[in-house]
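Source file: upload.txt (compact mmCIF, C-alpha atoms)
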# COMPACT_ATOMS: atom_id res chain seq x y z
CA PRO B 1 20.18 10.86 7.15
CA SER B 2 19.33 7.27 6.39
CA THR B 3 16.17 6.35 4.48
CA THR B 4 15.19 4.06 7.34
CA SER B 5 15.35 6.89 9.91
CA SER B 6 13.27 9.19 7.71
CA HIS B 7 10.56 6.61 7.13
CA SER B 8 10.48 5.61 10.79
CA ILE B 9 9.95 9.21 11.85
CA ARG B 10 7.15 9.71 9.34
CA VAL B 11 5.40 6.55 10.49
CA THR B 12 5.79 7.41 14.19
CA ILE B 13 4.39 10.93 13.95
CA SER B 14 1.52 9.96 11.64
CA VAL B 15 0.42 7.04 13.80
CA LEU B 16 0.69 8.86 17.13
CA SER B 17 -1.14 11.88 15.74
CA SER B 18 -3.94 9.62 14.55
CA LEU B 19 -4.28 7.46 17.66
CA THR B 20 -3.77 9.97 20.50
CA ASN B 21 -5.28 13.23 21.54
CA MET B 22 -1.91 14.99 21.48
CA SER B 23 -1.30 17.68 18.94
CA THR B 24 1.23 17.03 16.22
CA LYS B 25 3.48 19.70 17.71
CA GLY B 26 3.30 18.05 21.14
CA ILE B 27 4.19 14.67 19.68
CA GLU B 28 7.12 16.16 17.78
CA GLU B 29 8.49 17.88 20.87
CA SER B 30 8.21 14.70 22.95
CA LEU B 31 9.91 12.59 20.30
CA LEU B 32 12.67 15.15 19.88
CA ILE B 33 13.44 15.00 23.60
CA ILE B 34 13.62 11.19 23.46
CA ALA B 35 15.79 11.37 20.35
CA CYS B 36 18.20 13.80 21.95
CA ILE B 37 18.60 11.58 25.01
CA LEU B 38 18.66 8.11 23.51
CA LEU B 39 19.44 8.24 19.84
CA SER B 40 22.22 9.17 17.49
CA PRO B 41 22.79 12.63 16.00
CA VAL B 42 21.85 11.18 12.61
CA PHE B 43 18.36 10.37 13.88
CA VAL B 44 17.93 13.82 15.41
CA GLN B 45 19.01 15.55 12.22
CA SER B 46 16.59 13.45 10.21
CA PHE B 47 13.78 14.20 12.68
CA LEU B 48 14.32 17.95 12.40
CA GLN B 49 14.13 17.72 8.62
CA HIS B 50 10.86 15.78 8.55
CA SER B 51 8.82 16.99 11.56
CA THR B 52 7.12 19.91 9.88
CA ASP B 53 3.66 19.88 8.33
CA PRO B 54 2.03 16.47 9.07
CA LEU B 55 0.49 16.54 5.62
CA LYS B 56 4.01 16.34 4.18
CA LEU B 57 4.35 12.99 5.91
CA GLY B 58 1.72 11.50 3.59
CA TRP B 59 1.87 8.04 2.15
CA LYS B 60 0.87 8.76 -1.37
CA THR B 61 -0.43 11.26 -3.79
CA GLN B 62 -3.57 11.51 -5.74
CA ALA B 63 -4.87 10.53 -9.08
CA GLN B 64 -8.22 11.05 -10.66
CA PRO B 65 -10.27 8.39 -12.38
CA PRO B 66 -8.37 8.23 -15.63
CA ILE B 67 -10.48 5.87 -17.62
CA SER B 68 -13.18 4.68 -15.32
CA GLU B 69 -14.38 6.14 -12.05
CA SER B 70 -15.68 3.49 -9.73
CA ARG B 71 -17.62 3.63 -6.50
CA THR B 72 -15.68 5.38 -3.76
CA ALA B 73 -15.69 5.19 0.03
CA LEU B 74 -18.81 3.10 0.42
CA CYS B 75 -18.03 2.63 4.12
CA SER B 76 -18.56 5.38 6.66
CA GLU B 77 -15.65 7.70 7.42
CA PRO B 78 -14.21 7.87 10.96
CA THR B 79 -14.27 10.96 13.15
CA ASP B 80 -11.03 10.36 15.08
CA SER B 81 -8.56 9.25 12.39
CA ASN B 82 -7.28 11.07 9.33
CA PHE B 83 -6.32 7.80 7.69
CA GLY B 84 -9.94 6.97 6.84
CA ARG B 85 -10.89 10.39 5.51
CA ARG B 86 -10.80 10.96 1.77
CA ASP B 87 -10.39 14.72 2.21
CA TYR B 88 -7.22 14.14 4.20
CA TRP B 89 -5.64 11.98 1.50
CA ASN B 90 -6.75 14.35 -1.23
CA GLU B 91 -4.95 17.16 0.58
CA VAL B 92 -1.85 15.02 1.09
CA TYR B 93 -1.70 14.19 -2.60
CA GLN B 94 -2.22 17.79 -3.61
CA LYS B 95 0.82 18.81 -1.57
CA GLU B 96 3.21 16.07 -2.68
CA SER B 97 3.53 14.95 -6.29
CA ASN B 98 5.04 11.54 -5.50
CA TYR B 99 6.19 9.51 -2.55
CA SER B 100 7.23 5.85 -2.36
CA TRP B 101 6.02 4.45 0.93
CA TYR B 102 8.42 1.95 2.57
CA ALA B 103 10.32 1.13 -0.64
CA GLY B 104 10.86 2.31 -4.19
CA TRP B 105 10.77 0.11 -7.25
CA ASP B 106 14.50 -0.63 -7.11
CA GLU B 107 14.05 -2.31 -3.71
CA LEU B 108 10.85 -4.12 -4.72
CA GLU B 109 11.79 -5.36 -8.18
CA PRO B 110 13.77 -8.50 -7.19
CA PHE B 111 10.89 -9.77 -5.05
CA CYS B 112 8.16 -8.90 -7.54
CA ASN B 113 10.06 -10.64 -10.33
CA GLU B 114 10.49 -13.78 -8.24
CA PHE B 115 6.99 -14.06 -6.79
CA PHE B 116 4.90 -12.61 -9.62
CA GLU B 117 6.86 -14.41 -12.37
CA MET B 118 7.05 -11.50 -14.78
CA GLU B 119 7.89 -13.80 -17.69
CA HIS B 120 4.26 -14.95 -17.60
CA ASP B 121 2.98 -11.40 -18.13
CA PRO B 122 0.93 -11.31 -14.91
CA ARG B 123 -2.05 -9.09 -14.22
CA ILE B 124 -1.25 -7.15 -11.05
CA LEU B 125 -3.59 -5.12 -8.82
CA ILE B 126 -2.12 -2.27 -6.75
CA PRO B 127 -4.66 -1.06 -4.16
CA GLY B 128 -4.12 2.26 -2.39
CA VAL B 129 -1.55 3.39 -4.95
CA GLY B 130 -1.79 7.08 -4.08
CA ASN B 131 1.16 9.00 -5.48
CA ASP B 132 3.61 6.10 -5.39
CA ALA B 133 6.25 6.49 -8.11
CA ALA B 134 7.02 2.76 -7.87
CA LEU B 135 4.05 2.31 -10.22
CA VAL B 136 6.00 3.97 -13.04
CA GLY B 137 9.09 1.88 -12.36
CA MET B 138 7.02 -1.29 -12.35
CA TYR B 139 5.49 -0.51 -15.73
CA ASP B 140 8.82 0.46 -17.27
CA ALA B 141 10.31 -2.81 -15.99
CA GLY B 142 7.88 -4.74 -18.16
CA TYR B 143 4.71 -5.13 -16.07
CA HIS B 144 2.25 -3.92 -18.68
CA HIS B 145 -1.01 -5.28 -17.28
CA LEU B 146 -1.49 -3.22 -14.13
CA THR B 147 -4.57 -1.94 -12.36
CA ALA B 148 -3.90 0.78 -9.78
CA MET B 149 -6.63 2.12 -7.52
CA ASP B 150 -7.11 4.57 -4.69
CA TYR B 151 -10.24 5.85 -3.01
CA ALA B 152 -8.90 9.41 -3.05
CA PRO B 153 -9.40 10.93 -6.53
CA GLU B 154 -6.34 13.15 -6.03
CA GLY B 155 -4.16 10.04 -5.77
CA ILE B 156 -5.33 8.88 -9.17
CA GLU B 157 -4.62 12.31 -10.59
CA ARG B 158 -1.05 12.08 -9.36
CA CYS B 159 -0.74 8.66 -10.99
CA ARG B 160 -1.98 10.09 -14.25
CA ASP B 161 0.60 12.86 -14.04
CA MET B 162 3.44 10.43 -13.29
CA LEU B 163 2.50 7.85 -15.89
CA GLY B 164 1.80 10.10 -18.85
CA SER B 165 -0.72 9.13 -21.49
CA GLU B 166 1.61 6.61 -23.12
CA ARG B 167 1.48 4.24 -20.12
CA ILE B 168 -2.22 4.51 -19.32
CA ARG B 169 -4.52 1.86 -20.75
CA SER B 170 -6.62 3.09 -23.63
CA SER B 171 -10.38 2.80 -23.36
CA GLU B 172 -10.59 2.18 -27.10
CA GLY B 173 -10.09 -1.19 -28.73
CA ASN B 174 -9.59 -4.61 -27.13
CA ASP B 175 -5.98 -4.18 -26.06
CA ASP B 176 -5.80 -4.28 -22.25
CA GLU B 177 -2.09 -3.45 -22.07
CA GLY B 178 -1.18 -0.45 -19.93
CA VAL B 179 -2.13 0.84 -16.51
CA GLU B 180 -5.81 1.01 -15.65
CA LEU B 181 -6.53 3.69 -13.05
CA LEU B 182 -9.56 3.43 -10.79
CA VAL B 183 -11.06 5.43 -7.96
CA ALA B 184 -12.33 2.69 -5.66
CA ASP B 185 -12.57 1.65 -2.02
CA ALA B 186 -10.66 -1.57 -1.27
CA ARG B 187 -13.30 -2.51 1.30
CA ASP B 188 -16.00 -2.84 -1.35
CA LEU B 189 -14.98 -3.69 -4.91
CA LYS B 190 -18.12 -5.53 -5.98
CA GLY B 191 -19.25 -4.24 -9.34
CA VAL B 192 -15.78 -2.75 -9.82
CA LEU B 193 -13.44 -5.74 -10.11
CA GLU B 194 -14.38 -9.27 -11.12
CA ASP B 195 -13.69 -12.47 -9.20
CA ASP B 196 -10.34 -14.19 -9.84
CA SER B 197 -9.27 -11.45 -12.24
CA PHE B 198 -5.66 -10.89 -11.09
CA ASP B 199 -2.53 -13.02 -10.90
CA GLY B 200 -0.99 -10.89 -8.16
CA ILE B 201 -1.70 -8.12 -5.68
CA LEU B 202 0.93 -5.67 -4.39
CA GLU B 203 -0.11 -3.55 -1.44
CA LYS B 204 2.34 -1.15 0.15
CA GLY B 205 1.10 0.52 3.34
CA THR B 206 -2.53 0.26 2.22
CA LEU B 207 -3.63 -2.28 4.83
CA ASP B 208 -1.73 -0.22 7.42
CA ALA B 209 -3.78 2.85 6.52
CA ILE B 210 -7.05 0.90 6.35
CA PHE B 211 -6.46 -0.55 9.82
CA LEU B 212 -5.49 2.84 11.26
CA SER B 213 -8.63 4.37 9.74
CA GLY B 214 -10.49 2.78 12.65
CA GLY B 215 -8.75 5.18 15.04
CA LYS B 216 -8.98 4.15 18.70
CA ASP B 217 -11.79 1.68 17.96
CA LYS B 218 -9.83 -1.55 17.39
CA LYS B 219 -13.00 -3.45 16.56
CA GLU B 220 -13.67 -1.02 13.72
CA ALA B 221 -10.02 -1.13 12.68
CA ASN B 222 -10.08 -4.92 12.36
CA LYS B 223 -13.42 -4.78 10.57
CA ASN B 224 -12.06 -2.38 7.96
CA MET B 225 -8.98 -4.52 7.36
CA GLU B 226 -10.99 -7.75 7.17
CA LEU B 227 -13.34 -6.18 4.60
CA ALA B 228 -10.39 -5.17 2.45
CA ILE B 229 -8.71 -8.58 2.70
CA GLU B 230 -11.98 -10.31 1.86
CA GLU B 231 -12.47 -8.21 -1.27
CA LEU B 232 -8.87 -8.53 -2.41
CA THR B 233 -9.04 -12.28 -1.85
CA ARG B 234 -12.08 -12.42 -4.11
CA CYS B 235 -10.28 -10.55 -6.91
CA LEU B 236 -7.17 -12.77 -6.87
CA ARG B 237 -7.24 -16.02 -8.84
CA PRO B 238 -6.46 -19.34 -7.12
CA GLY B 239 -2.70 -19.77 -7.17
CA GLY B 240 -2.20 -16.00 -7.26
CA ILE B 241 0.27 -14.10 -5.07
CA PHE B 242 -0.54 -11.47 -2.43
CA MET B 243 2.47 -9.34 -1.47
CA SER B 244 2.22 -6.92 1.44
CA ILE B 245 4.80 -4.33 2.51
CA THR B 246 3.88 -3.20 6.02
CA ALA B 247 5.48 -1.67 9.09
CA VAL B 248 2.74 -0.32 11.34
CA VAL B 249 0.35 -3.24 11.90
CA VAL B 250 2.48 -6.21 10.85
CA GLY B 251 1.11 -8.54 13.51
CA GLN B 252 -2.51 -7.69 12.77
CA ILE B 253 -2.07 -8.35 9.06
CA GLN B 254 -0.24 -11.62 9.71
CA ALA B 255 -2.98 -12.72 12.12
CA ALA B 256 -5.73 -11.86 9.63
CA PHE B 257 -4.18 -14.12 6.99
CA ASP B 258 -3.31 -16.82 9.53
CA SER B 259 -7.01 -17.02 10.39
CA ARG B 260 -7.69 -17.88 6.74
CA GLN B 261 -5.28 -20.77 6.37
CA ASP B 262 -7.82 -22.70 4.34
CA GLU B 263 -7.53 -19.93 1.71
CA TRP B 264 -3.87 -18.88 1.99
CA GLU B 265 -0.46 -20.53 2.06
CA CYS B 266 2.10 -18.29 3.78
CA LEU B 267 5.34 -18.00 1.78
CA VAL B 268 7.05 -15.24 3.80
CA ASP B 269 5.90 -14.45 7.34
CA GLU B 270 6.60 -11.61 9.77
CA ASP B 271 9.55 -13.40 11.38
CA SER B 272 11.37 -14.19 8.12
CA ILE B 273 14.04 -12.46 6.07
CA TYR B 274 13.58 -13.63 2.51
CA MET B 275 16.44 -14.03 0.02
CA THR B 276 15.76 -14.21 -3.72
CA ASP B 277 17.58 -16.63 -6.00
CA ASP B 278 19.77 -13.68 -7.05
CA GLY B 279 20.78 -12.91 -3.46
CA PHE B 280 18.55 -9.90 -2.67
CA THR B 281 17.28 -9.88 0.92
CA SER B 282 14.02 -8.42 2.21
CA ASN B 283 15.73 -6.49 5.02
CA ASN B 284 16.66 -3.90 2.36
CA ILE B 285 12.99 -2.89 2.38
CA ASP B 286 12.06 -0.28 4.97
CA GLY B 287 9.24 -2.44 6.28
CA ASN B 288 8.19 -6.08 6.52
CA LEU B 289 7.75 -8.20 3.40
CA LEU B 290 4.82 -10.61 3.78
CA VAL B 291 3.80 -12.97 0.98
CA TRP B 292 0.94 -15.43 0.58
CA LYS B 293 -0.29 -17.71 -2.18
CA LYS B 294 -4.01 -18.21 -2.64
CA ARG B 295 -4.76 -21.89 -2.36
CA ILE B 296 -6.19 -23.77 -5.32
CA PRO B 297 -9.39 -25.58 -4.27
CA GLU B 298 -9.09 -29.33 -4.30
CA GLU B 299 -11.19 -31.07 -6.88
CA SER B 300 -14.01 -33.07 -5.35
Here is a file; write its structure as structure tokens.
Amino acid sequence: PSTTSSHSIRVTISVLSSLTNMSTKGIEESLLIIACILLSPVFVQSFLQHSTDPLKLGWKTQAQPPISESRTALCSEPTDSNFGRRDYWNEVYQKESNYSWYAGWDELEPFCNEFFEMEHDPRILIPGVGNDAALVGMYDAGYHHLTAMDYAPEGIERCRDMLGSERIRSSEGNDDEGVELLVADARDLKGVLEDDSFDGILEKGTLDAIFLSGGKDKKEANKNMELAIEELTRCLRPGGIFMSITAVVVGQIQAAFDSRQDEWECLVDEDSIYMTDDGFTSNNIDGNLLVWKKRIPEES
């Protein structure tokens, strides 16, 4: 089955399970009926392979605070959505050692190299990293100043397992090369990450999960996402790049950045297919590529 079909099924079941009162089994049965009537045999086969334990549909794995453990989950947890519960993500990460949400490093590399300008040795923040193996690929490709965070300690443990000690930043000495691992909540990073401290931010499904953590309360969902965007904006230097890979709440994320046009210049929007100088196109990513540049304040 195609990668796109598999990811689409995982997204559909996870989102419907979170936002409706139907059981996971009921959702699966309904979707299977629709698939049998309307869709190709390839889709049905893929559905049957992936519609088992909803925890196996997780977005990431865990990782414990490798070097420094920061504040975690400072905002209240929802009662009607798994996506905002740390225990849920911890369990997901315990069951699956690694999972690349939406795209692996091979699909992301051409776009990261073009927007983040790897030749300048950028400092990149990866919020909501979970158990994403793309982190290892990114480091091995030459990005040696990375900070990866997740508010579920199990996600950070999975990162530690995947990276091995040789890739993790040492707490001794002044050398800041390597991957720094943090347990932290993207909605409140004050006291954890300094202002203007990163050249780029790569989020992959994190804003989707943060929005969905609001459950049926769309006001709470937007509040959670706005808090995260505000904090991530603070941590990115003027002129820095924010790259988002999203599929579930594309319009909401686009609208949130559009409302901040005094702070952000949109480089790739939700209606665009981007092609790199080397000919790679963003439709090879199983999701939407959105890119913004943080505006440099005009001198008075």
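Take CA of Tyr139 (chain B) and CA of Asn283 (chain B): the distance between them is 23.9 Å.
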Which is closer to Tyr102 (chain B) than all the others in B:Ser244, B:Gln261, B:Gln254, B:Ser272, using all atoms listed in the file?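 Comparing B:Ser244, B:Gln261, B:Gln254, B:Ser272 against Tyr102 (chain B), the winner is B:Ser244.
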Residues of region 122-214 of chain B that approach region 220-228 of chain B to 6 Å or less, counting all atoms listed in the file: could you list each one with the shortest pair of atoms and its distance in Å to one decimal, rows by chain and increasing residue number, as CSV?
residue,atom,partner,partner_atom,distance
B:Ala186,CA,B:Ala228,CA,5.2
B:Arg187,CA,B:Ala228,CA,4.1
B:Ile210,CA,B:Met225,CA,5.8
B:Phe211,CA,B:Ala221,CA,4.6
B:Gly214,CA,B:Ala221,CA,3.9
What does the structure give for the distance between CA of Ala134 (chain B) and CA of Ala255 (chain B), in Å to one decimal?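 A separation of 27.2 Å between them.
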Pick from B:Lys204, B:His145, B:Lys216, B:Arg158 nearest to Thr246 (chain B), counting all atoms listed in the file: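 Closest to Thr246 (chain B) of all the choices is B:Lys204.
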What is the CA of Pro122 (chain B) to CA of Asp140 (chain B) distance in Å?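 Between CA of Pro122 (chain B) and CA of Asp140 (chain B) the gap works out to 14.4 Å.
Of the listed residues (B:Ala152, B:Leu232, B:Leu135, B:Ile245), B:Leu232 comes nearest to Lys190 (chain B); the distances count only C-alpha atoms.
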Could you write out as lines of an AutoDock Vina configuration file the box around region 134-144 of chain B (axis-aligned, all atoms listed in the file, 8 Å on each side), with centre and edge lengths in Å to one decimal?
center_x = 6.3
center_y = -0.6
center_z = -13.3
size_x = 24.1
size_y = 25.1
size_z = 26.8
Best match for closeness to His144 (chain B) among B:Ile124, B:Ile156, B:Ile285, B:Leu163, counting all atoms listed in the file: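 Closest residue, counting all atoms listed in the file: B:Ile124.
Of the residues under consideration (B:Met243, B:Leu189, B:Val92, B:Ala256), B:Met243 shows the shortest atom-to-atom contact distance to Phe116 (chain B) when counting only C-alpha atoms.
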Residue nearest Ala103 (chain B) among B:Leu125, B:Cys159, B:Ala133, B:Cys235 (counting all atoms listed in the file): B:Ala133
For Asp262 (chain B), please output as a PDB file with C-alpha atoms, in the coordinates of the input all residues within 10 Å (counting all atoms listed in the file; exclusion window: fewer than 5 positions along the same chain).
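Everything below was put into selection-v6.pdb:
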ATOM      1  CA  PHE B 257      -4.180 -14.120   6.990  1.00  0.00           C
ATOM      2  CA  LYS B 294      -4.010 -18.210  -2.640  1.00  0.00           C
ATOM      3  CA  ARG B 295      -4.760 -21.890  -2.360  1.00  0.00           C
ATOM      4  CA  ILE B 296      -6.190 -23.770  -5.320  1.00  0.00           C
ATOM      5  CA  PRO B 297      -9.390 -25.580  -4.270  1.00  0.00           C
TER       6      PRO B 297
END
